[in-house]
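What follows is a short report on a single structure.
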Amino acid sequence: MSKLVSFMPQPFVGEHMLSVIARWYLLTGKDDKRALNSLSSSAMQLSMKYVHHPMVDDVLKLYGKGIARHEALTEHTGLPYHAPLTKYPELHSIIQQEKYQGCFSKNRRKIKQTSTPTTRYNSVLKYGDVWRWCHQCVEDDTEKLGMPYWHVAHQLPSTVRCYKHRETALSVKCKCCNFEIRDLRSALLPPIDNDCYACGEQVSPIEFNSSDALNFIENASFDLLNLCGDLKSHRFNYVMQRGLQNYHSRLLRRYKTKAVFALDKEQQRFNAWLLANGLDIFFHQPDRALTGKVLDINHGAYQAKNWPPLSVLLWLAYIGEPWPKLDAVA
Ligand SMILES: [Zn+2]
Ligand SMILES: [Zn+2]
């Protein structure tokens with residue numbers, strides 16, 4: 001086991017744990033993906049579709065005291081971004097690595113188990129479970145560290161630009177051959193010079209419209225990821241869980257018996273606003289998203305935890321909800 005540990009690379013700043021696993025695999029020099037089984041019995045796709053990936057716990061054990069679990073979860077996975085909208089029992093189980101079983105207090109018991117929930121609406125969100133990179137970060141990292149790596153902050157489905165190079169759009173898909181990366185086992189490192197792994201043509205970065213709304217959504221997304229403190233009492237829990245619900249309640253109170261019509265009108269206005277700002281960029285099929293539960297005010301207002309962070313952030317941008325300032329919530 002110790003031989004294995006000596007092989008485990010130290011995560012780079014802001015590197016995703018699955019990227020570290022991909023680099024470990026690269027270092028072994030093996031070309032059989034089954035080598036991953038020696039890291040974890042739950043070895044599987046190195047995919048973004050998990051809020052907490054099943055392999056991460058096993059891999060962290062290999063580091064022993066080398067990396068604190070809290071630090072790994074908060075700095076090297078997207079968990080802080082998802083935490084405010086993750087259901088409490090799942091979040092508790094990820095943090096404490098224990099779960100409660102049984103409904104009634106007398107037969108309720110604690111078992112050692114970690115939840116591995118998947119992210120919501122993956123098939124609807126365009127950037128839900130696809131790996132993205134910033135070509136400028138690839139250049140900087142290669143110069144500084146000798147290789148590029150997959151950054152957590154490039155994988156937030158509610159962003160299109162880099163958190164470091166704020167005007168640089170992320171890259172994701174080759175227009176020539178439609179190549180994209182859903183499993184890091186097929187692309188251990190981000191492509192150098194944006195050369196497509198499949199056809200060799202240049203991958204062009206995402207095209208987007210700049211707007212205040214997009215700035216709000218992206219800055220809020222990076223704030224969510226940048227956790228200060230406890231995952232359970234995330235400083236943005238209130239605005240993420242209650243922001244839209246409060247707005248919805250105000251509409252109900254104001255329009256009383258006509259509330260159904262007022263809410264319908266509000267939804268239409270939101271849909272028009274979203275299209276006018278080019279924010280349909282976040283969805284595979286915008287028409288379906290605009291008429292589906294993923295953006296339906298009545299679906300998200302009562303239980304925001306049914307939604308992905310993107311849906312809440314879009315609505316908060318639309319209603320002009322002030323995003324809590326860091327010093328105000330600290
Ligand atoms: Zn960058
Ligand atoms: Zn290609």
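Order determines the names: the first chain of the structure tokens is A, the second B, and so forth; residues in each chain are numbered 1 upward, and ligands are numbered 1 upward as they are shown.
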Would you pick out the contacts of Ala187 of chain A at 10 Å or less, using only C-alpha atoms, so that residues sharing its chain but fewer than 5 positions from it are not included, and give the list as a PyMOL selection string? chain A and resi 19+22+131+180-182+197
Neighbours of Arg288 of chain A within 12 Å (only C-alpha atoms; same-chain residues fewer than 5 positions away dropped), as a VMD selection string? chain A and resid 123 to 125 271 280 283 293 to 296
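Counting from atom CA of Arg253 of chain A, the distance to atom CA of Asn306 of chain A is 23.6 Å.
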Just want the residues within 6 Å of ligand 2, written as a PyMOL selection string, counting only C-alpha atoms and all ligand atoms. chain A and resi 174+176-177+179+196+198-201
Serialized selection, all heavy atoms, as a tab-separated table (two decimals), in the first residue's frame:
```
chain	number	residue	atom	x	y	z
A	174	CYS	N	-15.35	19.85	-29.67
A	174	CYS	CA	-14.78	20.09	-30.99
A	174	CYS	C	-15.93	20.22	-32.00
A	174	CYS	O	-16.76	19.33	-32.10
A	174	CYS	CB	-13.86	18.94	-31.37
A	174	CYS	SG	-13.31	19.03	-33.08
A	176	CYS	N	-15.62	20.24	-35.16
A	176	CYS	CA	-15.40	19.40	-36.36
A	176	CYS	C	-15.93	17.98	-36.17
A	176	CYS	O	-16.58	17.43	-37.05
A	176	CYS	CB	-13.92	19.32	-36.67
A	176	CYS	SG	-13.28	20.85	-37.26
A	177	CYS	N	-15.61	17.39	-35.02
A	177	CYS	CA	-15.96	15.97	-34.87
A	177	CYS	C	-16.87	15.72	-33.67
A	177	CYS	O	-17.16	14.57	-33.34
A	177	CYS	CB	-14.70	15.12	-34.79
A	177	CYS	SG	-13.82	15.34	-33.24
A	179	PHE	N	-16.21	15.85	-30.61
A	179	PHE	CA	-15.55	15.19	-29.48
A	179	PHE	C	-15.72	16.01	-28.21
A	179	PHE	O	-15.53	17.23	-28.21
A	179	PHE	CB	-14.05	15.02	-29.78
A	179	PHE	CG	-13.26	14.41	-28.66
A	179	PHE	CD1	-13.31	13.04	-28.43
A	179	PHE	CD2	-12.46	15.19	-27.84
A	179	PHE	CE1	-12.58	12.47	-27.38
A	179	PHE	CE2	-11.73	14.63	-26.80
A	179	PHE	CZ	-11.79	13.26	-26.58
A	196	CYS	N	-7.86	19.11	-30.67
A	196	CYS	CA	-8.84	18.05	-30.37
A	196	CYS	C	-8.14	16.69	-30.31
A	196	CYS	O	-7.34	16.36	-31.17
A	196	CYS	CB	-9.91	18.05	-31.47
A	196	CYS	SG	-11.02	16.63	-31.35
A	198	ALA	N	-9.45	13.87	-30.75
A	198	ALA	CA	-9.96	12.90	-31.73
A	198	ALA	C	-9.52	13.22	-33.16
A	198	ALA	O	-9.05	12.35	-33.87
A	198	ALA	CB	-11.48	12.85	-31.64
A	199	CYS	N	-9.66	14.51	-33.57
A	199	CYS	CA	-9.40	14.80	-34.99
A	199	CYS	C	-8.21	15.74	-35.19
A	199	CYS	O	-7.78	15.96	-36.33
A	199	CYS	CB	-10.65	15.37	-35.65
A	199	CYS	SG	-11.02	17.07	-35.16
A	200	GLY	N	-7.69	16.33	-34.10
A	200	GLY	CA	-6.52	17.20	-34.24
A	200	GLY	C	-6.84	18.63	-34.63
A	200	GLY	O	-5.96	19.49	-34.61
A	201	GLU	N	-8.10	18.91	-34.95
A	201	GLU	CA	-8.47	20.29	-35.29
A	201	GLU	C	-8.53	21.13	-34.02
A	201	GLU	O	-8.55	20.61	-32.91
A	201	GLU	CB	-9.86	20.31	-35.96
A	201	GLU	CG	-9.90	19.72	-37.37
A	201	GLU	CD	-9.08	20.50	-38.39
A	201	GLU	OE1	-9.12	21.75	-38.34
A	201	GLU	OE2	-8.37	19.87	-39.20
```
Please identify all protein, DNA and RNA residues within 10 Å of ligand 1, counting only C-alpha atoms and all ligand atoms, and report them as a ChimeraX atom specification. /A:133-141,151,153-154,161-170
Go ahead and dump the residues you just picked, N, CA and C atoms, as a CSV table (one decimal), in the first residue's frame.
```csv
chain,number,residue,atom,x,y,z
A,133,TRP,N,-12.1,23.0,-19.9
A,133,TRP,CA,-10.8,23.6,-19.6
A,133,TRP,C,-10.7,25.0,-20.1
A,134,CYS,N,-9.7,25.8,-19.6
A,134,CYS,CA,-9.4,27.1,-20.1
A,134,CYS,C,-8.1,27.0,-20.8
A,135,HIS,N,-8.0,27.4,-22.0
A,135,HIS,CA,-6.8,27.2,-22.8
A,135,HIS,C,-5.6,28.1,-22.2
A,136,GLN,N,-6.0,29.2,-21.6
A,136,GLN,CA,-4.9,30.0,-21.0
A,136,GLN,C,-4.4,29.4,-19.7
A,137,CYS,N,-5.3,28.7,-18.9
A,137,CYS,CA,-4.8,28.0,-17.7
A,137,CYS,C,-3.9,26.8,-18.2
A,138,VAL,N,-4.3,26.2,-19.2
A,138,VAL,CA,-3.5,25.0,-19.8
A,138,VAL,C,-2.1,25.5,-20.1
A,139,GLU,N,-2.0,26.7,-20.7
A,139,GLU,CA,-0.7,27.3,-21.0
A,139,GLU,C,0.1,27.6,-19.7
A,140,ASP,N,-0.6,28.4,-18.8
A,140,ASP,CA,0.1,28.8,-17.6
A,140,ASP,C,0.5,27.6,-16.8
A,141,ASP,N,-0.4,26.6,-16.6
A,141,ASP,CA,0.0,25.4,-15.8
A,141,ASP,C,1.1,24.6,-16.4
A,151,HIS,N,-9.3,21.8,-13.5
A,151,HIS,CA,-9.6,22.6,-12.4
A,151,HIS,C,-11.1,22.4,-12.0
A,153,ALA,N,-13.0,24.6,-10.6
A,153,ALA,CA,-13.8,25.8,-10.9
A,153,ALA,C,-14.1,26.0,-12.4
A,154,HIS,N,-13.5,25.1,-13.3
A,154,HIS,CA,-13.9,25.1,-14.7
A,154,HIS,C,-15.1,24.2,-14.9
A,161,ARG,N,-17.0,31.1,-18.4
A,161,ARG,CA,-15.7,31.7,-18.5
A,161,ARG,C,-14.8,31.2,-17.3
A,162,CYS,N,-13.5,31.4,-17.5
A,162,CYS,CA,-12.5,31.0,-16.5
A,162,CYS,C,-12.6,31.8,-15.3
A,163,TYR,N,-12.4,31.2,-14.1
A,163,TYR,CA,-12.4,32.0,-12.8
A,163,TYR,C,-11.2,32.8,-12.7
A,164,LYS,N,-10.1,32.5,-13.4
A,164,LYS,CA,-8.8,33.3,-13.3
A,164,LYS,C,-8.8,34.3,-14.4
A,165,HIS,N,-9.0,33.8,-15.6
A,165,HIS,CA,-9.0,34.6,-16.8
A,165,HIS,C,-10.4,35.0,-17.1
A,166,ARG,N,-10.9,36.0,-16.5
A,166,ARG,CA,-12.4,36.3,-16.5
A,166,ARG,C,-13.0,36.5,-17.9
A,167,GLU,N,-12.1,36.9,-18.8
A,167,GLU,CA,-12.7,37.2,-20.2
A,167,GLU,C,-12.5,36.0,-21.1
A,168,THR,N,-11.8,34.9,-20.6
A,168,THR,CA,-11.6,33.8,-21.5
A,168,THR,C,-12.7,32.7,-21.3
A,169,ALA,N,-13.3,32.4,-22.4
A,169,ALA,CA,-14.3,31.3,-22.4
A,169,ALA,C,-13.7,30.0,-22.3
A,170,LEU,N,-14.4,29.1,-21.6
A,170,LEU,CA,-13.9,27.7,-21.5
A,170,LEU,C,-14.1,27.0,-22.8
```
Ranking A:Lys173, A:Arg269, A:Arg185, A:His82 by minimum distance to Gln202 of chain A and counting only C-alpha atoms, which one comes first? A:Lys173
Exercise: Ile297 of chain A partners within 10 Å, only C-alpha atoms, chain neighbours under 2 positions left out, as number ranges by chain: A: 244-245, 247-248, 263-264, 266-267, 270, 293-295, 299-302, 304, 311-312, 315
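By only C-alpha atoms, and with residues fewer than 5 positions from segment 217-223 of chain A along its chain excluded, the set lying at most 9 Å from it is Tyr81, Ala153, Leu156, Pro157, Ser158, Thr159, Val160, Arg161, Tyr163, Asp212, Phe236, Pro309, Leu310, Leu313, Leu314, Leu316, Ala317, Trp323 and Leu326 of chain A.
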Which residue out of A:His16, A:Lys110, A:Lys126, A:Lys61 has the minimum interatomic distance to Thr74 of chain A when only C-alpha atoms are used? A:His16
Need to verify the contact set: segment 95-97 of chain A, 6 Å, only C-alpha atoms, exclusion of same-chain residues closer than 2 positions in sequence. Can you return it as an NGL selection string? :A and (92-93 or 113-114)
May I have the selected residues written with N, CA, C and O atoms, as a PDB file, in the first residue's frame?
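Output below, filename selection-v5.pdb:
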```pdb
ATOM      1  N   HIS A  92     -24.988  15.268   5.146  1.00  0.00           N
ATOM      2  CA  HIS A  92     -24.473  14.758   6.418  1.00  0.00           C
ATOM      3  C   HIS A  92     -23.656  13.488   6.184  1.00  0.00           C
ATOM      4  O   HIS A  92     -22.568  13.318   6.726  1.00  0.00           O
ATOM      5  N   SER A  93     -24.199  12.627   5.341  1.00  0.00           N
ATOM      6  CA  SER A  93     -23.529  11.353   5.089  1.00  0.00           C
ATOM      7  C   SER A  93     -22.186  11.547   4.366  1.00  0.00           C
ATOM      8  O   SER A  93     -21.224  10.823   4.609  1.00  0.00           O
ATOM      9  N   GLN A 113     -21.638   4.781   6.217  1.00  0.00           N
ATOM     10  CA  GLN A 113     -21.857   4.787   4.772  1.00  0.00           C
ATOM     11  C   GLN A 113     -21.825   6.226   4.253  1.00  0.00           C
ATOM     12  O   GLN A 113     -22.296   7.145   4.915  1.00  0.00           O
ATOM     13  N   THR A 114     -21.270   6.399   3.080  1.00  0.00           N
ATOM     14  CA  THR A 114     -21.226   7.738   2.481  1.00  0.00           C
ATOM     15  C   THR A 114     -22.160   7.771   1.280  1.00  0.00           C
ATOM     16  O   THR A 114     -22.120   6.877   0.443  1.00  0.00           O
TER      17      THR A 114
END
```
Using Å and a single decimal, report how far atom CA of Met44 of chain A sits from atom CA of Tyr121 of chain A. 20.6 Å
